[in-house]
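Note: the block below is model.csv and it holds CSV, C-alpha atoms and all ligand atoms.
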```csv
chain,number,residue,atom,x,y,z
A,177,MET,CA,16.2,-5.3,-31.6
A,178,THR,CA,17.4,-1.9,-30.6
A,179,TYR,CA,15.8,0.1,-27.7
A,180,SER,CA,13.9,2.2,-30.3
A,181,GLU,CA,12.6,-0.9,-32.1
A,182,LEU,CA,11.6,-2.5,-28.8
A,183,TYR,CA,9.7,0.7,-27.8
A,184,LEU,CA,7.9,0.9,-31.2
A,185,TYR,CA,7.0,-2.8,-30.9
A,186,ALA,CA,5.6,-2.3,-27.4
A,187,LYS,CA,3.7,0.8,-28.6
A,188,SER,CA,2.1,-1.2,-31.4
A,189,ARG,CA,0.7,-3.6,-28.9
A,190,LEU,CA,0.0,-1.5,-25.9
A,191,THR,CA,-0.6,2.2,-25.2
A,192,ASP,CA,2.3,4.7,-25.6
A,193,TYR,CA,2.2,5.3,-21.8
A,194,GLU,CA,2.5,1.6,-21.1
A,195,ALA,CA,5.3,1.1,-23.6
A,196,LEU,CA,7.2,3.9,-21.9
A,197,CYS,CA,6.6,2.5,-18.5
A,198,LEU,CA,8.0,-0.9,-19.6
A,199,MET,CA,11.1,0.8,-21.1
A,200,GLU,CA,11.7,2.7,-17.9
A,201,ASP,CA,11.0,-0.1,-15.4
A,202,ILE,CA,12.8,-2.9,-17.4
A,203,PHE,CA,15.6,-1.1,-19.2
A,204,ASP,CA,15.8,2.1,-17.1
A,205,ILE,CA,15.4,4.1,-20.3
A,206,ASP,CA,13.0,7.1,-20.5
A,207,ARG,CA,12.1,9.2,-23.5
A,208,ARG,CA,15.4,11.2,-23.2
A,209,GLY,CA,17.3,7.9,-22.9
A,210,LEU,CA,15.6,6.7,-26.1
A,211,ALA,CA,16.8,9.7,-28.0
A,212,LEU,CA,20.4,9.2,-26.7
A,213,TYR,CA,20.7,5.4,-26.7
A,214,GLY,CA,17.8,4.3,-29.0
A,215,ASN,CA,20.2,2.6,-31.5
A,216,GLU,CA,21.8,0.4,-28.8
A,217,MET,CA,20.6,-3.1,-27.9
A,218,PRO,CA,19.9,-4.5,-24.4
A,219,GLU,CA,21.7,-7.6,-23.2
A,220,SER,CA,18.3,-9.4,-23.2
A,221,GLU,CA,14.8,-8.6,-24.3
A,222,THR,CA,13.2,-11.6,-22.6
A,223,ASP,CA,11.8,-9.8,-19.6
A,224,PHE,CA,10.4,-7.0,-21.8
A,225,MET,CA,8.6,-9.4,-24.2
A,226,LYS,CA,7.2,-11.3,-21.2
A,227,ALA,CA,5.9,-8.1,-19.7
A,228,ILE,CA,4.1,-7.2,-22.9
A,229,GLU,CA,2.4,-10.6,-23.0
A,230,LYS,CA,1.4,-10.3,-19.3
A,231,ARG,CA,-0.1,-6.9,-19.9
A,232,LEU,CA,-2.0,-8.1,-23.0
A,233,ALA,CA,-3.4,-10.9,-20.8
A,234,GLY,CA,-4.9,-8.2,-18.5
A,235,ILE,CA,-2.3,-8.5,-15.8
A,236,PRO,CA,-1.8,-5.0,-14.1
A,237,LEU,CA,1.2,-3.0,-15.4
A,238,GLN,CA,2.9,-3.0,-12.0
A,239,TYR,CA,2.8,-6.8,-11.8
A,240,ALA,CA,4.1,-7.0,-15.4
A,241,THR,CA,7.1,-4.8,-14.5
A,242,GLY,CA,7.4,-5.9,-10.9
A,243,LYS,CA,7.6,-2.3,-9.8
A,244,ALA,CA,5.3,0.4,-8.4
A,245,TYR,CA,5.8,3.9,-7.0
A,246,PHE,CA,4.5,5.6,-3.9
A,247,MET,CA,5.3,9.1,-2.7
A,248,GLY,CA,8.5,9.3,-4.8
A,249,ARG,CA,9.9,5.8,-3.9
A,250,GLN,CA,9.9,2.6,-5.9
A,251,TYR,CA,8.6,-0.6,-4.4
A,252,PHE,CA,8.8,-4.2,-5.6
A,253,VAL,CA,5.4,-5.8,-6.2
A,254,GLY,CA,4.0,-8.9,-7.8
A,255,GLU,CA,1.1,-11.3,-7.6
A,256,GLY,CA,0.3,-11.8,-3.9
A,257,VAL,CA,0.7,-8.2,-2.8
A,258,LEU,CA,-1.7,-5.3,-3.2
A,259,ILE,CA,-0.5,-2.7,-5.8
A,260,PRO,CA,0.0,0.6,-3.9
A,261,ARG,CA,-2.6,3.2,-4.6
A,262,ASP,CA,-2.1,7.0,-4.7
A,263,ASP,CA,-5.2,7.2,-2.5
A,264,THR,CA,-3.1,6.0,0.4
A,265,GLU,CA,-1.1,9.3,0.2
A,266,VAL,CA,-4.0,10.9,2.1
A,267,ALA,CA,-3.5,8.8,5.2
A,268,VAL,CA,0.3,9.0,5.1
A,269,THR,CA,0.3,12.8,4.6
A,270,GLU,CA,-2.1,13.2,7.6
A,271,CYS,CA,0.2,11.0,9.6
A,272,ILE,CA,3.4,12.9,8.6
A,273,ASN,CA,1.7,16.2,9.4
A,274,SER,CA,0.8,15.0,12.9
A,275,MET,CA,4.2,13.7,13.8
A,276,LYS,CA,7.1,15.3,15.6
A,277,GLY,CA,9.4,12.5,14.5
A,278,THR,CA,10.2,10.4,17.6
A,279,GLU,CA,6.9,8.5,17.9
A,280,ARG,CA,6.3,4.8,18.3
A,281,VAL,CA,4.1,4.0,15.2
A,282,ILE,CA,2.5,0.8,14.0
A,283,ASP,CA,1.3,0.2,10.5
A,284,LEU,CA,-1.4,-2.6,10.5
A,285,CYS,CA,-1.9,-4.7,7.4
A,286,SER,CA,1.3,-3.4,5.8
A,287,GLY,CA,1.3,-5.2,2.4
A,288,SER,CA,4.2,-4.0,0.3
A,289,GLY,CA,5.3,-1.7,3.2
A,290,ILE,CA,4.6,1.7,1.5
A,291,ILE,CA,3.2,3.3,4.7
A,292,ALA,CA,5.8,1.9,7.1
A,293,VAL,CA,8.8,2.6,4.8
A,294,THR,CA,7.7,6.1,4.0
A,295,LEU,CA,7.3,7.0,7.7
A,296,ALA,CA,10.6,5.3,8.7
A,297,LYS,CA,12.5,7.1,5.9
A,298,GLU,CA,10.9,10.5,6.6
A,299,PHE,CA,11.4,10.2,10.4
A,300,LEU,CA,14.7,8.4,11.1
A,301,LYS,CA,14.1,8.6,14.9
A,302,ALA,CA,10.6,7.2,14.9
A,303,GLU,CA,10.1,3.6,16.0
A,304,VAL,CA,8.1,2.0,13.2
A,305,TYR,CA,6.5,-1.4,13.2
A,306,ALA,CA,4.7,-3.2,10.4
A,307,VAL,CA,2.3,-6.1,10.7
A,308,GLU,CA,1.4,-8.4,7.8
A,309,LEU,CA,-0.1,-11.9,7.8
A,310,GLU,CA,0.0,-13.2,4.3
A,311,ASN,CA,3.3,-15.0,3.3
A,312,LYS,CA,3.7,-13.5,-0.2
A,313,ALA,CA,2.9,-10.0,0.9
A,314,TYR,CA,5.3,-10.4,3.8
A,315,GLU,CA,8.1,-11.4,1.4
A,316,TYR,CA,7.5,-8.2,-0.5
A,317,LEU,CA,7.4,-6.2,2.7
A,318,GLU,CA,10.7,-7.6,3.9
A,319,ARG,CA,12.3,-7.0,0.4
A,320,ASN,CA,11.1,-3.4,0.2
A,321,VAL,CA,12.2,-2.6,3.8
A,322,ARG,CA,15.6,-4.0,3.0
A,323,TYR,CA,15.8,-2.2,-0.4
A,324,HIS,CA,15.1,1.1,1.2
A,325,GLY,CA,17.3,0.4,4.2
A,326,ALA,CA,14.4,1.4,6.4
A,327,ASP,CA,14.4,0.8,10.1
A,328,VAL,CA,11.1,-1.0,10.3
A,329,LYS,CA,10.4,-3.8,12.8
A,330,LEU,CA,8.5,-6.5,11.0
A,331,ILE,CA,5.8,-8.7,12.5
A,332,HIS,CA,4.6,-11.7,10.5
A,333,ASP,CA,1.2,-12.2,12.2
A,334,SER,CA,-2.5,-11.5,12.1
A,335,ILE,CA,-3.7,-8.2,13.5
A,336,PHE,CA,-6.5,-10.2,15.1
A,337,ASN,CA,-3.7,-11.2,17.5
A,338,GLU,CA,-3.1,-7.9,19.2
A,339,ASN,CA,-0.5,-9.6,21.4
A,340,CYS,CA,1.8,-10.0,18.5
A,341,VAL,CA,3.6,-6.9,19.7
A,342,GLU,CA,4.1,-5.5,23.2
A,343,GLY,CA,3.6,-2.0,24.5
A,344,GLU,CA,1.7,1.1,23.6
A,345,PHE,CA,1.9,3.3,20.5
A,346,ASP,CA,1.7,7.0,19.8
A,347,ILE,CA,0.2,6.3,16.3
A,348,ILE,CA,-1.8,3.5,14.7
A,349,ILE,CA,-2.1,3.8,11.0
A,350,SER,CA,-3.7,1.3,8.7
A,351,ASN,CA,-5.1,0.7,5.2
A,352,PRO,CA,-6.8,-2.6,5.9
A,353,PRO,CA,-8.9,-4.8,3.5
A,354,TYR,CA,-12.3,-3.0,3.3
A,355,ILE,CA,-14.2,-4.2,0.3
A,356,ILE,CA,-17.6,-5.9,1.0
A,357,SER,CA,-17.1,-9.6,0.1
A,358,ASP,CA,-19.9,-9.8,-2.4
A,359,VAL,CA,-18.6,-6.8,-4.3
A,360,ILE,CA,-15.2,-8.2,-5.0
A,361,PRO,CA,-16.3,-10.4,-8.0
A,362,ILE,CA,-17.7,-7.4,-9.8
A,363,LEU,CA,-14.7,-5.2,-9.4
A,364,GLN,CA,-12.8,-4.3,-12.6
A,365,LYS,CA,-10.8,-7.1,-14.3
A,366,GLU,CA,-7.3,-5.9,-13.3
A,367,VAL,CA,-8.3,-5.9,-9.6
A,368,GLN,CA,-9.2,-9.6,-9.9
A,369,PHE,CA,-5.4,-10.3,-10.2
A,370,GLU,CA,-4.8,-8.8,-6.8
A,371,PRO,CA,-5.0,-11.0,-3.7
A,372,LYS,CA,-8.5,-11.3,-2.3
A,373,THR,CA,-7.0,-11.3,1.2
A,374,ALA,CA,-5.9,-7.7,0.6
A,375,LEU,CA,-9.4,-6.6,-0.4
A,376,ASP,CA,-11.9,-8.6,1.6
A,377,GLY,CA,-13.3,-6.7,4.5
A,378,GLY,CA,-16.1,-9.3,5.2
A,379,ASN,CA,-19.9,-9.1,4.8
A,380,ASP,CA,-20.2,-5.4,5.5
A,381,GLY,CA,-16.5,-4.5,4.7
A,382,LEU,CA,-15.9,-3.5,8.4
A,383,ASP,CA,-14.3,-6.6,9.9
A,384,PHE,CA,-10.8,-5.1,10.1
A,385,TYR,CA,-12.1,-1.8,11.5
A,386,ARG,CA,-14.0,-3.7,14.2
A,387,CYS,CA,-10.8,-5.6,15.0
A,388,ILE,CA,-8.7,-2.4,15.1
A,389,ALA,CA,-11.3,-0.6,17.3
A,390,ASP,CA,-11.8,-3.5,19.7
A,391,LYS,CA,-8.2,-4.8,20.0
A,392,TRP,CA,-5.8,-2.0,19.0
A,393,VAL,CA,-7.3,1.3,20.4
A,394,LYS,CA,-6.4,0.0,23.9
A,395,LYS,CA,-2.8,-0.1,22.7
A,396,LEU,CA,-2.8,3.6,21.9
A,397,LYS,CA,-1.2,6.0,24.4
A,398,LYS,CA,-3.2,8.9,25.9
A,399,ASP,CA,-3.4,11.6,23.2
A,400,GLY,CA,-2.3,8.9,20.6
A,401,LYS,CA,-3.6,9.2,17.1
A,402,ILE,CA,-5.4,6.7,14.9
A,403,ILE,CA,-5.4,7.1,11.1
A,404,LEU,CA,-7.4,4.7,9.0
A,405,GLU,CA,-7.9,4.6,5.3
A,406,ILE,CA,-11.5,3.9,4.4
A,407,GLY,CA,-13.8,3.2,1.5
A,408,GLU,CA,-15.7,6.3,0.5
A,409,GLU,CA,-18.9,5.1,2.1
A,410,GLN,CA,-17.5,3.9,5.4
A,411,ALA,CA,-16.7,7.2,7.2
A,412,GLU,CA,-19.8,7.1,9.5
A,413,ASP,CA,-19.5,3.5,10.5
A,414,VAL,CA,-15.8,3.6,11.1
A,415,SER,CA,-16.1,6.9,13.1
A,416,GLU,CA,-18.8,5.2,15.2
A,417,LEU,CA,-16.6,2.2,15.9
A,418,LEU,CA,-13.8,4.4,17.1
A,419,LYS,CA,-16.0,6.6,19.2
A,420,MET,CA,-17.3,3.6,21.0
A,421,GLN,CA,-13.7,2.8,22.1
A,422,GLY,CA,-13.0,6.3,23.4
A,423,ILE,CA,-11.6,8.0,20.4
A,424,THR,CA,-12.5,11.7,20.1
A,425,GLN,CA,-11.8,14.7,17.9
A,426,ILE,CA,-12.7,12.5,14.9
A,427,SER,CA,-12.3,14.0,11.5
A,428,VAL,CA,-12.9,12.7,8.0
A,429,VAL,CA,-10.3,13.6,5.4
A,430,LYS,CA,-11.2,13.7,1.7
A,431,ASP,CA,-9.1,12.8,-1.3
A,432,ILE,CA,-8.6,14.9,-4.4
A,433,GLN,CA,-11.8,13.6,-5.9
A,434,ASN,CA,-13.6,14.9,-2.8
A,435,LEU,CA,-14.4,11.4,-1.6
A,436,ASN,CA,-14.1,10.4,2.1
A,437,ARG,CA,-10.7,8.6,2.3
A,438,VAL,CA,-9.4,8.7,5.9
A,439,VAL,CA,-10.8,8.7,9.4
A,440,PHE,CA,-8.5,10.5,11.9
A,441,GLY,CA,-9.0,10.5,15.7
A,442,THR,CA,-7.3,11.0,19.1
A,443,LYS,CA,-7.4,8.8,22.2
A,444,GLN,CA,-8.6,11.0,25.1
A,445,ASN,CA,-7.6,8.8,28.1
A,501,LIG,C1,-5.6,-3.1,1.5
A,501,LIG,S1,-4.1,-4.0,1.7
A,501,LIG,C2,-3.0,-2.6,2.1
A,501,LIG,C3,-1.6,-2.9,1.9
A,501,LIG,C4,-0.7,-1.6,2.2
A,501,LIG,N1,-0.9,-1.1,3.5
A,501,LIG,C5,-1.1,-0.5,1.2
A,501,LIG,O1,-1.6,0.5,1.6
A,501,LIG,O2,-0.8,-0.7,0.0
A,501,LIG,C6,-4.4,-4.9,3.2
A,501,LIG,C7,-3.2,-5.8,3.6
A,501,LIG,O3,-3.7,-6.5,4.8
A,501,LIG,C8,-3.1,-7.8,4.8
A,501,LIG,N2,-3.9,-8.7,5.7
A,501,LIG,C9,-5.1,-9.3,5.5
A,501,LIG,N3,-5.5,-9.9,6.6
A,501,LIG,C10,-4.6,-9.6,7.6
A,501,LIG,C11,-4.5,-9.9,8.9
A,501,LIG,N4,-5.4,-10.7,9.5
A,501,LIG,N5,-3.5,-9.5,9.6
A,501,LIG,C12,-2.5,-8.7,9.0
A,501,LIG,N6,-2.5,-8.4,7.7
A,501,LIG,C13,-3.6,-8.8,7.0
A,501,LIG,C14,-3.2,-8.2,3.3
A,501,LIG,O4,-2.4,-9.3,3.1
A,501,LIG,C15,-2.8,-6.9,2.6
A,501,LIG,O5,-1.4,-6.9,2.5
```
Encoding of this model in structure tokens:
Amino acid sequence: MTYSELYLYAKSRLTDYEALCLMEDIFDIDRRGLALYGNEMPESETDFMKAIEKRLAGIPLQYATGKAYFMGRQYFVGEGVLIPRDDTEVAVTECINSMKGTERVIDLCSGSGIIAVTLAKEFLKAEVYAVELENKAYEYLERNVRYHGADVKLIHDSIFNENCVEGEFDIIISNPPYIISDVIPILQKEVQFEPKTALDGGNDGLDFYRCIADKWVKKLKKDGKIILEIGEEQAEDVSELLKMQGITQISVVKDIQNLNRVVFGTKQN
């Protein structure tokens, strides 16, 4: 089939938006490209057809194409790694706004690497670390760091082992798993394809925040910043956990839907 025929076929089975995403991600052809090259044929249509079937089976679009986007950059994703969410822009923007550019920064629970890669690419002189435990997610992290030529030091370990990296940091940033275990089975169907290990924050959703407060705040330098993405109802609990470890000037940042999305604080001494 020609590109135009493939697009029309995809559109007959999926939404127009999804058909266009598949055209772009698999053939690198957008609407304008369709007008210019629509009568030409790709070398192979196998991946395109497979992606349509995956999407029809309920598999998220990003897993079907193998690509996702975050703050203007493309990342490889697939089953075993969390699909980047636009929500995470709030934490990354706060971090960028607070940086001079030479800081030692650590991204805990790095997943596909969107946070660490963005910071390393925006601040070439910063020393950026990324910690990820799960094998599949770590593979994507490595691949994305390599793809972007980002200077990120990778640590394949659990954040529950705070000794996996030495020294103190100017900034700790994290989007950890934070969903209450019992809630996971009732999340929408597409989320069920994502790894439970990326979502599950334990019985009250706070396991990882407790770990970060107890084990990582002591690795922050004086005046160091901590920036944590949170679930919309976790601002008070997470703020309290940080306060108990000597974090001050705590603020809660909202996303564009006016939901609490980030807890930001400073270590006093
Ligand atoms: C909510 S996802 C966030 C991924 C990425 N930071 C993002 O914003 O898209 C949480 C990540 O934590 C990882 N993870 C789970 N348990 C971990 C642990 N004990 N130590 C390090 N990473 C862990 C998961 O594999 C997953 O990649």
Would you mind listing the residues within 7 Å of ligand LIG 501 (chain A), counting only C-alpha atoms and all ligand atoms, as a PyMOL selection string?
chain A and resi 257-261+264+284-291+307-310+313+333-336+350-354+373-375
So which residues touch Gly400 (chain A) within 9 Å, counting all atoms listed in the file, skipping near sequence neighbours fewer than 4 positions away, as a PyMOL selection string?
chain A and resi 345-348+396+441-444
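Between CA of Asp192 (chain A) and CA of Gln433 (chain A) the separation is 25.8 Å.
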Using all atoms listed in the file, the residue out of A:Asn320, A:Ala244, A:Phe384, A:Asp262 with shortest distance to Ile432 (chain A) is A:Asp262
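For Glu344 (chain A), the list of residues within 9 Å, based on all atoms listed in the file and with local chain neighbours fewer than 3 positions off taken out, reads Arg280, Lys394, Lys395, Leu396 and Lys397 of chain A.
Close contacts of Arg437 (chain A), defined as residues with an atom at most 10 Å away when counting all atoms listed in the file, with chain neighbours fewer than 2 positions off set aside, comprise Asp263, Thr264, Glu265, Val266, Ala267, Leu404, Glu405, Ile406, Gly407, Glu408, Glu409, Gln410, Ala411, Val428, Val429, Lys430, Asp431, Ile432, Gln433, Asn434, Leu435 and Val439 of chain A.
Of note, CA of Asp327 (chain A) and CA of Lys297 (chain A) are spaced 7.8 Å apart.
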Taking all atoms listed in the file into account, name the residue in A:Ala195, A:Ala296, A:Val281, A:Val341 that is nearest to Val321 (chain A).
A:Ala296
Counting all atoms listed in the file, what are the residues of region 242-292 of chain A within 7 Å of region 218-238 of chain A, and for each of them which pair of atoms is the nearest and at what distance in Å, to one decimal? Sort the table by chain and rising number, as JSON lines.
```
{"residue": "A:Gly242", "atom": "CA", "partner": "A:Gln238", "partner_atom": "CA", "distance": 5.5}
{"residue": "A:Lys243", "atom": "CA", "partner": "A:Gln238", "partner_atom": "CA", "distance": 5.2}
{"residue": "A:Ala244", "atom": "CA", "partner": "A:Gln238", "partner_atom": "CA", "distance": 5.5}
{"residue": "A:Val253", "atom": "CA", "partner": "A:Gln238", "partner_atom": "CA", "distance": 6.9}
```
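Across the structure, CA of Lys391 (chain A) and CA of Glu338 (chain A) are spaced 6.0 Å apart.
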Could you name the residues that touch Lys301 (chain A) at 9 Å or less, counting all atoms listed in the file, but leaving out those on the same chain fewer than 3 positions away, as JSON, numbers by chain?
{"A": [277, 278, 279, 296]}
Determine, counting all atoms listed in the file, which protein, DNA and RNA residues have an atom within 12 Å of an atom of Ser357 (chain A); residues of the same chain fewer than 4 positions away are not included. Present the result as a list in words.
Pro353, Pro361, Ile362, Leu363, Lys372, Thr373, Ala374, Leu375, Asp376, Gly377, Gly378, Asn379, Asp380, Gly381, Leu382 and Asp383 of chain A
Point out the residue among A:Tyr316, A:Tyr179, A:Phe440, A:Tyr305 with the least atom-to-atom distance to Leu196 (chain A), counting all atoms listed in the file.
A:Tyr179
Dump as a tab-separated table (two decimals) with C-alpha atoms, in the frame of the given file all residues having an atom at most 12 Å from (21.3, -1.6, -33.2), computed in the file's coordinates with all atoms listed in the file.
```
chain	number	residue	atom	x	y	z
A	177	MET	CA	16.20	-5.30	-31.60
A	178	THR	CA	17.40	-1.90	-30.60
A	179	TYR	CA	15.80	0.10	-27.70
A	180	SER	CA	13.90	2.20	-30.30
A	181	GLU	CA	12.60	-0.90	-32.10
A	182	LEU	CA	11.60	-2.50	-28.80
A	213	TYR	CA	20.70	5.40	-26.70
A	214	GLY	CA	17.80	4.30	-29.00
A	215	ASN	CA	20.20	2.60	-31.50
A	216	GLU	CA	21.80	0.40	-28.80
A	217	MET	CA	20.60	-3.10	-27.90
A	218	PRO	CA	19.90	-4.50	-24.40
A	219	GLU	CA	21.70	-7.60	-23.20
```
Just give me the residues with any atom within 8 Å of (8.5, -8.6, 9.0), file coordinates, counting only C-alpha atoms, written as a compact mmCIF listing (two decimals) with C-alpha atoms, in the frame of the given file.
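Contents of part_12.txt, freshly written:
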```txt
# COMPACT_ATOMS: atom_id res chain seq x y z
CA ALA A 306 4.70 -3.20 10.40
CA VAL A 307 2.30 -6.10 10.70
CA GLU A 308 1.40 -8.40 7.80
CA TYR A 314 5.30 -10.40 3.80
CA LEU A 317 7.40 -6.20 2.70
CA GLU A 318 10.70 -7.60 3.90
CA LYS A 329 10.40 -3.80 12.80
CA LEU A 330 8.50 -6.50 11.00
CA ILE A 331 5.80 -8.70 12.50
CA HIS A 332 4.60 -11.70 10.50
```
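Shortest atom-to-atom contact with Val438 (chain A) among A:Ile282, A:Leu300, A:Leu295, A:Ile349: A:Ile349, counting all atoms listed in the file.
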